[in-house]
$ cat protein-v8.cif   # mmCIF, C-alpha atoms
data_final
loop_
_atom_site.group_PDB
_atom_site.id
_atom_site.type_symbol
_atom_site.label_atom_id
_atom_site.label_comp_id
_atom_site.auth_asym_id
_atom_site.auth_seq_id
_atom_site.Cartn_x
_atom_site.Cartn_y
_atom_site.Cartn_z
ATOM 1 C CA MET A 255 -30.795 -19.724 -39.228
ATOM 2 C CA GLU A 256 -31.086 -17.747 -42.457
ATOM 3 C CA ASN A 257 -28.227 -19.720 -43.977
ATOM 4 C CA LYS A 258 -29.986 -23.036 -43.331
ATOM 5 C CA LYS A 259 -33.057 -21.699 -45.139
ATOM 6 C CA TRP A 260 -30.789 -20.895 -48.075
ATOM 7 C CA GLY A 261 -29.652 -24.509 -48.220
ATOM 8 C CA GLN A 262 -33.232 -25.744 -48.271
ATOM 9 C CA TYR A 263 -34.077 -23.211 -50.976
ATOM 10 C CA LEU A 264 -31.049 -24.284 -53.022
ATOM 11 C CA ARG A 265 -31.975 -27.969 -52.798
ATOM 12 C CA LYS A 266 -35.410 -27.157 -54.252
ATOM 13 C CA SER A 267 -34.518 -24.561 -56.877
ATOM 14 C CA LYS A 268 -30.979 -25.764 -57.799
ATOM 15 C CA THR A 269 -29.753 -22.142 -57.952
ATOM 16 C CA LEU A 270 -29.632 -19.254 -55.479
ATOM 17 C CA LEU A 271 -28.593 -15.596 -55.680
ATOM 18 C CA VAL A 272 -27.042 -14.130 -52.520
ATOM 19 C CA GLU A 273 -25.615 -10.736 -51.615
ATOM 20 C CA ASP A 274 -22.944 -10.894 -48.938
ATOM 21 C CA GLY A 275 -22.074 -8.268 -46.316
ATOM 22 C CA GLY A 276 -19.729 -6.477 -48.699
ATOM 23 C CA GLY A 277 -22.442 -6.079 -51.352
ATOM 24 C CA GLN A 278 -20.926 -8.837 -53.493
ATOM 25 C CA GLY A 279 -23.430 -10.768 -55.622
ATOM 26 C CA LEU A 280 -22.971 -14.542 -55.658
ATOM 27 C CA GLU A 281 -24.734 -17.233 -57.637
ATOM 28 C CA MET A 282 -24.782 -20.635 -55.953
ATOM 29 C CA ARG A 283 -25.587 -23.815 -57.914
ATOM 30 C CA LEU A 284 -25.782 -27.399 -56.769
ATOM 31 C CA PHE A 285 -22.915 -29.534 -58.064
ATOM 32 C CA SER A 286 -25.415 -31.871 -59.711
ATOM 33 C CA ASN A 287 -26.191 -28.989 -62.072
ATOM 34 C CA GLN A 288 -22.528 -28.187 -62.776
ATOM 35 C CA GLU A 289 -22.810 -29.445 -66.374
ATOM 36 C CA LEU A 290 -24.088 -25.950 -67.205
ATOM 37 C CA HIS A 291 -20.610 -24.573 -66.428
ATOM 38 C CA PRO A 292 -17.324 -25.523 -68.059
ATOM 39 C CA VAL A 293 -14.444 -26.425 -65.759
ATOM 40 C CA GLY A 294 -12.601 -23.320 -64.575
ATOM 41 C CA GLU A 295 -15.661 -21.149 -64.005
ATOM 42 C CA GLY A 296 -16.540 -20.559 -60.386
ATOM 43 C CA ILE A 297 -15.349 -22.085 -57.142
ATOM 44 C CA TYR A 298 -16.568 -25.442 -55.864
ATOM 45 C CA LEU A 299 -17.423 -25.029 -52.180
ATOM 46 C CA LEU A 300 -16.799 -28.055 -49.951
ATOM 47 C CA HIS A 301 -17.670 -28.640 -46.318
ATOM 48 C CA GLU A 302 -16.241 -32.181 -46.009
ATOM 49 C CA ILE A 303 -12.800 -33.307 -47.199
ATOM 50 C CA TYR A 304 -14.177 -36.493 -48.798
ATOM 51 C CA GLN A 305 -16.081 -34.307 -51.304
ATOM 52 C CA LEU A 306 -12.774 -33.640 -53.092
ATOM 53 C CA ARG A 307 -12.995 -37.050 -54.784
ATOM 54 C CA SER A 308 -15.938 -35.815 -56.841
ATOM 55 C CA ILE A 309 -14.174 -32.826 -58.350
ATOM 56 C CA ALA A 310 -10.375 -33.280 -58.247
ATOM 57 C CA LEU A 311 -7.735 -35.908 -58.895
ATOM 58 C CA PRO A 312 -6.505 -37.696 -55.739
ATOM 59 C CA PHE A 313 -3.925 -35.787 -53.656
ATOM 60 C CA GLU A 314 -0.883 -36.783 -51.647
ATOM 61 C CA GLU A 315 -1.412 -36.756 -47.870
ATOM 62 C CA VAL A 316 0.565 -33.519 -47.450
ATOM 63 C CA ALA A 317 -1.873 -31.652 -49.726
ATOM 64 C CA LEU A 318 -4.841 -32.962 -47.753
ATOM 65 C CA ASP A 319 -3.164 -31.770 -44.542
ATOM 66 C CA ILE A 320 -2.718 -28.290 -46.022
ATOM 67 C CA ILE A 321 -6.414 -28.165 -46.927
ATOM 68 C CA GLU A 322 -7.602 -29.430 -43.551
ATOM 69 C CA TRP A 323 -5.316 -27.313 -41.366
ATOM 70 C CA THR A 324 -5.354 -23.954 -43.175
ATOM 71 C CA GLU A 325 -7.312 -21.401 -41.153
ATOM 72 C CA ARG A 326 -7.540 -18.480 -43.572
ATOM 73 C CA PRO A 327 -9.598 -18.286 -46.763
ATOM 74 C CA VAL A 328 -7.789 -20.154 -49.532
ATOM 75 C CA VAL A 329 -8.947 -20.867 -53.065
ATOM 76 C CA TYR A 330 -7.179 -23.973 -54.320
ATOM 77 C CA SER A 331 -6.623 -24.836 -57.967
ATOM 78 C CA SER A 332 -6.064 -28.382 -59.132
ATOM 79 C CA TYR A 333 -6.716 -30.773 -61.981
ATOM 80 C CA PRO A 334 -10.332 -31.886 -62.395
ATOM 81 C CA SER A 335 -11.590 -35.348 -61.601
ATOM 82 C CA LYS A 336 -12.291 -37.592 -64.550
ATOM 83 C CA MET A 337 -15.960 -37.275 -63.554
ATOM 84 C CA LEU A 338 -16.038 -33.659 -64.777
ATOM 85 C CA GLU A 339 -16.795 -33.058 -68.425
ATOM 86 C CA ASP A 340 -13.712 -31.018 -69.360
ATOM 87 C CA ALA A 341 -11.227 -33.325 -67.598
ATOM 88 C CA LYS A 342 -10.007 -34.499 -71.024
ATOM 89 C CA ASN A 343 -8.319 -31.107 -71.437
ATOM 90 C CA PRO A 344 -4.813 -31.506 -69.924
ATOM 91 C CA ASP A 345 -4.614 -27.767 -69.179
ATOM 92 C CA ALA A 346 -7.967 -27.553 -67.382
ATOM 93 C CA LEU A 347 -7.934 -26.497 -63.737
ATOM 94 C CA ILE A 348 -10.766 -26.252 -61.249
ATOM 95 C CA LYS A 349 -10.998 -24.002 -58.230
ATOM 96 C CA PHE A 350 -12.312 -25.112 -54.877
ATOM 97 C CA ALA A 351 -12.481 -23.911 -51.290
ATOM 98 C CA PHE A 352 -12.805 -25.955 -48.121
ATOM 99 C CA ILE A 353 -15.221 -23.862 -46.043
ATOM 100 C CA LYS A 354 -14.666 -23.859 -42.290
ATOM 101 C CA GLU A 355 -16.315 -20.562 -41.316
ATOM 102 C CA GLN A 356 -19.438 -21.675 -39.447
ATOM 103 C CA PHE A 357 -22.026 -19.450 -41.168
ATOM 104 C CA TRP A 358 -21.085 -20.594 -44.677
ATOM 105 C CA LYS A 359 -20.379 -24.176 -43.589
ATOM 106 C CA ASP A 360 -23.908 -24.436 -42.119
ATOM 107 C CA PHE A 361 -25.297 -23.226 -45.456
ATOM 108 C CA LEU A 362 -23.342 -25.887 -47.366
ATOM 109 C CA PHE A 363 -24.317 -28.597 -44.913
ATOM 110 C CA SER A 364 -28.006 -27.748 -45.269
ATOM 111 C CA ALA A 365 -27.648 -27.738 -49.082
ATOM 112 C CA GLY A 366 -26.351 -31.305 -48.753
ATOM 113 C CA GLN A 367 -24.011 -31.194 -51.763
ATOM 114 C CA ILE A 368 -21.016 -29.472 -53.259
ATOM 115 C CA VAL A 369 -22.000 -25.979 -54.376
ATOM 116 C CA LEU A 370 -20.553 -24.111 -57.350
ATOM 117 C CA CYS A 371 -20.194 -20.395 -56.549
ATOM 118 C CA GLN A 372 -19.786 -17.643 -59.137
ATOM 119 C CA LYS A 373 -19.647 -13.868 -58.771
ATOM 120 C CA LYS A 374 -22.662 -12.082 -60.243
ATOM 121 C CA ILE A 375 -22.889 -8.386 -60.942
ATOM 122 C CA ASN A 376 -26.125 -6.379 -61.187
ATOM 123 C CA THR A 377 -28.445 -9.150 -60.075
ATOM 124 C CA THR A 378 -31.330 -9.040 -57.661
ATOM 125 C CA PRO A 379 -30.490 -11.383 -54.783
ATOM 126 C CA GLN A 380 -33.034 -13.743 -53.275
ATOM 127 C CA PHE A 381 -31.218 -13.516 -49.941
ATOM 128 C CA LYS A 382 -28.901 -10.999 -48.252
ATOM 129 C CA THR A 383 -26.546 -11.361 -45.314
ATOM 130 C CA ASP A 384 -24.163 -9.171 -43.365
ATOM 131 C CA GLN A 385 -21.584 -11.997 -43.447
ATOM 132 C CA LEU A 386 -18.635 -11.507 -45.807
ATOM 133 C CA PHE A 387 -17.753 -14.216 -48.329
ATOM 134 C CA PRO A 388 -13.950 -13.804 -48.582
ATOM 135 C CA TRP A 389 -13.210 -16.687 -50.995
ATOM 136 C CA THR A 390 -14.170 -14.588 -54.023
ATOM 137 C CA THR A 391 -12.234 -11.456 -53.005
ATOM 138 C CA SER A 392 -8.594 -10.409 -53.130
ATOM 139 C CA LYS A 393 -8.362 -11.322 -49.411
ATOM 140 C CA ALA A 394 -8.265 -15.018 -50.308
ATOM 141 C CA THR A 395 -4.945 -16.731 -50.861
ATOM 142 C CA GLU A 396 -4.695 -18.670 -54.116
ATOM 143 C CA MET A 397 -2.793 -21.925 -54.106
ATOM 144 C CA PHE A 398 -2.178 -24.742 -56.607
ATOM 145 C CA LEU A 399 -2.184 -28.343 -55.369
ATOM 146 C CA GLY A 400 -1.078 -31.106 -57.709
ATOM 147 C CA PRO A 401 -1.785 -34.816 -57.406
ATOM 148 C CA ASP A 402 1.938 -35.593 -56.974
ATOM 149 C CA GLY A 403 2.398 -33.313 -53.979
ATOM 150 C CA GLU A 404 3.128 -30.061 -55.839
ATOM 151 C CA VAL A 405 2.198 -26.962 -53.840
ATOM 152 C CA LYS A 406 2.450 -23.438 -55.259
ATOM 153 C CA ILE A 407 1.197 -20.258 -53.618
ATOM 154 C CA TRP A 408 0.065 -17.912 -56.387
ATOM 155 C CA ASN A 409 -0.621 -14.853 -54.230
ATOM 156 C CA GLU A 410 -0.301 -13.886 -50.599
#

$ encode --input "protein-v8.cif" --output "structure tokens"
Amino acid sequence: MENKKWGQYLRKSKTLLVEDGGGQGLEMRLFSNQELHPVGEGIYLLHEIYQLRSIALPFEEVALDIIEWTERPVVYSSYPSKMLEDAKNPDALIKFAFIKEQFWKDFLFSAGQIVLCQKKINTTPQFKTDQLFPWTTSKATEMFLGPDGEVKIWNE
């Protein structure tokens, strides 16, 4: 239930500081406030596949299958949607994660939007949990997905 309260808090305040079970500080911001962050900073957290249209260029079906069927924590990189401010930069990449782990997915669902997550050091969290957030650690696989079906695993 604590995670659903976080979503409600985030909807009201637009930003939230969390400490996960590993002591990692995380700042969560609603996507509607993403203009404060240039493309490439943070990870966009998604809980529904259709949310990709807001942040990334369209993908081939095989890339969507990879996203939907991957079970482990993966941080994907891709080219930003034209809706994002820095999309005019041909070298710009965004990072995103499709969250399936129930605790974090419930948080995102209750927030009601895409959430931009950034690591924060030496901050006082508003909420703490014993749940780990593996998408911002070395445990996460990093993968590039291109709009023409390119797939590259950057670490494993």

$ resolve_selection --input "protein-v8.cif" --expression "the PyMOL selection byres ((chain A and resi 263-275) around 6)" --output "PDB file with C-alpha atoms, in the coordinates of the input"
ATOM      1  CA  TRP A 260     -30.789 -20.895 -48.075  1.00  0.00           C
ATOM      2  CA  GLY A 261     -29.652 -24.509 -48.220  1.00  0.00           C
ATOM      3  CA  GLN A 262     -33.232 -25.744 -48.271  1.00  0.00           C
ATOM      4  CA  GLY A 276     -19.729  -6.477 -48.699  1.00  0.00           C
ATOM      5  CA  GLY A 277     -22.442  -6.079 -51.352  1.00  0.00           C
ATOM      6  CA  GLN A 278     -20.926  -8.837 -53.493  1.00  0.00           C
ATOM      7  CA  GLY A 279     -23.430 -10.768 -55.622  1.00  0.00           C
ATOM      8  CA  LEU A 280     -22.971 -14.542 -55.658  1.00  0.00           C
ATOM      9  CA  GLU A 281     -24.734 -17.233 -57.637  1.00  0.00           C
ATOM     10  CA  MET A 282     -24.782 -20.635 -55.953  1.00  0.00           C
ATOM     11  CA  ARG A 283     -25.587 -23.815 -57.914  1.00  0.00           C
ATOM     12  CA  LEU A 284     -25.782 -27.399 -56.769  1.00  0.00           C
ATOM     13  CA  ALA A 365     -27.648 -27.738 -49.082  1.00  0.00           C
ATOM     14  CA  PRO A 379     -30.490 -11.383 -54.783  1.00  0.00           C
ATOM     15  CA  GLN A 380     -33.034 -13.743 -53.275  1.00  0.00           C
ATOM     16  CA  PHE A 381     -31.218 -13.516 -49.941  1.00  0.00           C
ATOM     17  CA  LYS A 382     -28.901 -10.999 -48.252  1.00  0.00           C
ATOM     18  CA  THR A 383     -26.546 -11.361 -45.314  1.00  0.00           C
ATOM     19  CA  ASP A 384     -24.163  -9.171 -43.365  1.00  0.00           C
ATOM     20  CA  GLN A 385     -21.584 -11.997 -43.447  1.00  0.00           C
ATOM     21  CA  LEU A 386     -18.635 -11.507 -45.807  1.00  0.00           C
TER      22      LEU A 386
END

$ closest_residue --input "protein-v8.cif" --among "A:Lys406, A:Lys393, A:Lys349, A:Lys373" --to "A:Leu299" --atoms "only C-alpha atoms"
A:Lys349

$ atom_distance --input "protein-v8.cif" --atom1 "atom CA of A:Lys359" --atom2 "atom CA of A:Ser332"
21.5 Å

$ atom_distance --input "protein-v8.cif" --atom1 "atom CA of A:Tyr333" --atom2 "atom CA of A:Gly366"
23.7 Å

$ closest_residue --input "protein-v8.cif" --among "A:Tyr298, A:Phe387, A:Ser392, A:Pro401" --to "A:Gln356" --atoms "all atoms listed in the file"
A:Phe387

$ closest_residue --input "protein-v8.cif" --among "A:Thr391, A:Ile353, A:Thr377, A:Ser364" --to "A:Glu256" --atoms "only C-alpha atoms"
A:Ser364

$ atom_distance --input "protein-v8.cif" --atom1 "atom CA of A:Glu295" --atom2 "atom CA of A:Ile320"
23.3 Å

$ resolve_selection --input "protein-v8.cif" --expression "the PyMOL selection byres ((chain A and resi 408) around 12)" --output "ChimeraX atom specification"
/A:328-331,392,394-399,405-407,409-410

$ axis_aligned_box --input "protein-v8.cif" --around "stretch 341-355 of chain A" --padding-each-side "3 Å" --output "AutoDock Vina command-line options"
--center_x -10.5 --center_y -27.5 --center_z -56.4 --size_x 17.7 --size_y 19.9 --size_z 36.1

$ resolve_selection --input "protein-v8.cif" --expression "the PyMOL selection byres ((chain A and resi 322) around 12)" --output "list in words"
Leu300, His301, Glu302, Ile303, Tyr304, Leu306, Glu315, Val316, Ala317, Leu318, Asp319, Ile320, Ile321, Trp323, Thr324, Glu325, Arg326, Pro327, Val328, Ala351, Phe352, Ile353 and Lys354 of chain A

$ closest_residue --input "protein-v8.cif" --among "A:Ala346, A:Ile368, A:Leu362, A:Ala310" --to "A:Ser286" --atoms "all atoms listed in the file"
A:Ile368

$ residues_around --input "protein-v8.cif" --residues "A:Arg307" --least-positions-apart "5" --cutoff "10 Å" --atoms "all atoms listed in the file" --output "ChimeraX atom specification"
/A:312-313,334-337

$ closest_residue --input "protein-v8.cif" --among "A:Phe350, A:Asp360, A:Lys259, A:Phe285" --to "A:Thr390" --atoms "all atoms listed in the file"
A:Phe350

$ closest_residue --input "protein-v8.cif" --among "A:Gln372, A:Asn343, A:Thr378, A:Gln367" --to "A:Gln305" --atoms "all atoms listed in the file"
A:Gln367
